[in-house]
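One structure is given here, and the rest of the page talks about it.
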Amino acid sequence: MTRVESDSGAARRICEVLLRYRRVVVTSTCADGDSIGSSLALAWALRAIGTMPASCTATPAGPARGLPGTADIEVGETVPAGTDAVVVLECGDLGRTGLAGFDGLPVINIDHHPGNTGYGDAHWFDGAAPRAGR
C-alpha cells in the first residue's frame, strides 16, 4: 500500500516543528547527488528563516562533492551534540541514515521511497515523487 501525505497539512506540521527549534540537523541516506542536493537546499532554506542548520551524513559526499556547500557537511557516526531536531531526507527508515543519537530528538521524515515506515514526529511521504526534494 502506498501512502501519500503531501497535503498542505503535512507541510504545515513540518513547518511548525521546524520553527520551534534553533539547531536543526539535516541528514539523508547515502551521500548521492539527490540526497546531498536536497540536504543542502533545505539547510539553505532553514538558514534563511534564522535556524542554525547543519548537514550531517555517515558517509562522505562522493560524486556530489562538486555541489556548493558540500565542504560544510559533517561526516560522523552520531547526530552532532547540541542538536534540537533532525530532518531526515530520502530514508524509508531511520536506520538508513547510518547515524545514531536520535533518541529524545524530534525527527521529521521527508521521503518518497516505497516501504517508508512513517517514523518521526512529522512526516511527508509521497510515493509518486521522483525524489524527496520534488
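By convention here, the chains of the C-alpha cells are called A, B, ... in the order presented, each chain's residues are numbered starting at 1, and ligands are numbered starting at 1 in the order presented.
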Backbone-only DSSP, strand (DSSP E) members of region 36-111 of chain A, as JSON, numbers by chain: {"A": [52, 53, 54, 55, 56, 57, 74, 75, 85, 86, 87, 88, 89, 107, 108, 109, 110, 111]}
Write out as a Markdown table a residue-level contact list of region 16-67 of chain A versus region 101-118 of chain A with cut-off 10 Å: for each qualifying residue the closest pair of atoms and the distance in Å to one decimal, counting only C-alpha atoms, rows sorted by chain and residue number upward.
```
| residue | atom | partner | partner_atom | distance |
| --- | --- | --- | --- | --- |
| A:Val17 | CA | A:Pro106 | CA | 8.0 |
| A:Leu18 | CA | A:Ile108 | CA | 8.6 |
| A:Tyr21 | CA | A:Pro106 | CA | 9.4 |
| A:Val24 | CA | A:Pro106 | CA | 9.7 |
| A:Val25 | CA | A:Val107 | CA | 9.7 |
| A:Val26 | CA | A:Ile108 | CA | 9.4 |
| A:Ser28 | CA | A:Ile110 | CA | 9.5 |
```
Give me the residues near region 61-76 of chain A as a compact mmCIF listing (two decimals) with N, CA and C atoms, in the first residue's frame, where near means some atom within 8 Å (using only C-alpha atoms) and where sequence neighbours in that chain fewer than 3 positions away do not count.
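selection26.txt written:
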```txt
# COMPACT_ATOMS: atom_id res chain seq x y z
N ALA A 31 25.38 9.34 0.53
CA ALA A 31 25.81 10.66 0.06
C ALA A 31 25.77 10.73 -1.47
N ASP A 32 24.59 10.49 -2.07
CA ASP A 32 24.46 10.62 -3.52
C ASP A 32 23.95 12.02 -3.87
N GLY A 33 23.89 12.33 -5.14
CA GLY A 33 23.51 13.67 -5.57
C GLY A 33 22.14 14.11 -5.11
N ILE A 36 22.29 14.61 -1.16
CA ILE A 36 23.11 15.75 -0.78
C ILE A 36 22.47 17.05 -1.28
N GLY A 37 22.01 17.06 -2.52
CA GLY A 37 21.37 18.27 -3.06
C GLY A 37 20.17 18.69 -2.24
N LEU A 40 21.39 20.04 1.23
CA LEU A 40 21.98 21.39 1.13
C LEU A 40 20.90 22.44 0.88
N ALA A 54 22.69 22.30 10.30
CA ALA A 54 23.94 21.60 9.99
C ALA A 54 23.55 20.39 9.15
N SER A 55 24.34 20.11 8.14
CA SER A 55 24.13 18.89 7.36
C SER A 55 25.12 17.85 7.87
N CYS A 56 24.64 16.63 8.03
CA CYS A 56 25.48 15.56 8.58
C CYS A 56 25.12 14.25 7.91
N THR A 57 26.12 13.51 7.48
CA THR A 57 25.90 12.18 6.91
C THR A 57 26.91 11.20 7.51
N ALA A 58 26.61 9.92 7.34
CA ALA A 58 27.52 8.89 7.84
C ALA A 58 28.62 8.58 6.84
N VAL A 79 24.42 11.89 15.55
CA VAL A 79 23.88 13.23 15.39
C VAL A 79 24.74 14.16 16.25
N LEU A 99 23.37 6.83 11.11
CA LEU A 99 23.71 7.62 12.29
C LEU A 99 23.00 7.07 13.53
```
Quick check, in Å to one decimal: how far apart do CA of Ala43 (chain A) and CA of Arg22 (chain A) lie? 12.1 Å
Filtered DSSP result for region 42-122 of chain A, state helix (DSSP H, G or I), as a ChimeraX atom specification: /A:42-48,62-66,70-72,94-97
Take the residues that were just selected and, keeping C-alpha atoms, output them as a PDB file, in the first residue's frame.
```pdb
ATOM      1  CA  LEU A  42      16.903  22.503   2.947  1.00  0.00           C
ATOM      2  CA  ALA A  43      19.812  23.746   5.072  1.00  0.00           C
ATOM      3  CA  TRP A  44      19.949  26.889   2.925  1.00  0.00           C
ATOM      4  CA  ALA A  45      16.194  27.467   3.374  1.00  0.00           C
ATOM      5  CA  LEU A  46      16.429  26.900   7.139  1.00  0.00           C
ATOM      6  CA  ARG A  47      19.290  29.385   7.364  1.00  0.00           C
ATOM      7  CA  ALA A  48      17.095  31.951   5.575  1.00  0.00           C
ATOM      8  CA  GLY A  62      31.191  11.044  -3.092  1.00  0.00           C
ATOM      9  CA  PRO A  63      30.167  12.163  -6.589  1.00  0.00           C
ATOM     10  CA  ALA A  64      28.179  15.079  -5.145  1.00  0.00           C
ATOM     11  CA  ARG A  65      31.433  16.717  -3.956  1.00  0.00           C
ATOM     12  CA  GLY A  66      31.106  19.411  -6.617  1.00  0.00           C
ATOM     13  CA  THR A  70      29.443  20.037   0.395  1.00  0.00           C
ATOM     14  CA  ALA A  71      32.598  21.070   2.236  1.00  0.00           C
ATOM     15  CA  ASP A  72      30.366  22.086   5.167  1.00  0.00           C
ATOM     16  CA  LEU A  94      15.784   5.800  10.401  1.00  0.00           C
ATOM     17  CA  GLY A  95      18.470   3.107  10.244  1.00  0.00           C
ATOM     18  CA  ARG A  96      19.248   4.034   6.619  1.00  0.00           C
ATOM     19  CA  THR A  97      20.936   7.225   7.803  1.00  0.00           C
TER      20      THR A  97
END
```
Between A:Ala81, A:Asp34, A:Arg20, A:Gly120, which has the minimum distance to Gly50 (chain A) (counting only C-alpha atoms)? A:Arg20
To one decimal in Å, tell me the separation between CA of Ile14 (chain A) and CA of Pro80 (chain A).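 Computing it gives 21.0 Å between the two atoms.
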Would you mind telling me which residue in A:Leu19, A:Phe125, A:Ala41, A:Gly98 lies nearest to Asp84 (chain A) when using only C-alpha atoms?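 Among the listed residues, A:Leu19 lies closest to Asp84 (chain A).
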Have a look at CA of Ser39 (chain A) and CA of Thr27 (chain A) and let me know their distance in Å, one decimal.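 Going from CA of Ser39 (chain A) over to CA of Thr27 (chain A) covers 6.4 Å.
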Option closest in space to Ser35 (chain A), from A:Cys15, A:Asp121, A:Leu89, A:Glu77 [counting only C-alpha atoms]: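 Using only C-alpha atoms, the shortest distance to Ser35 (chain A) belongs to A:Leu89.
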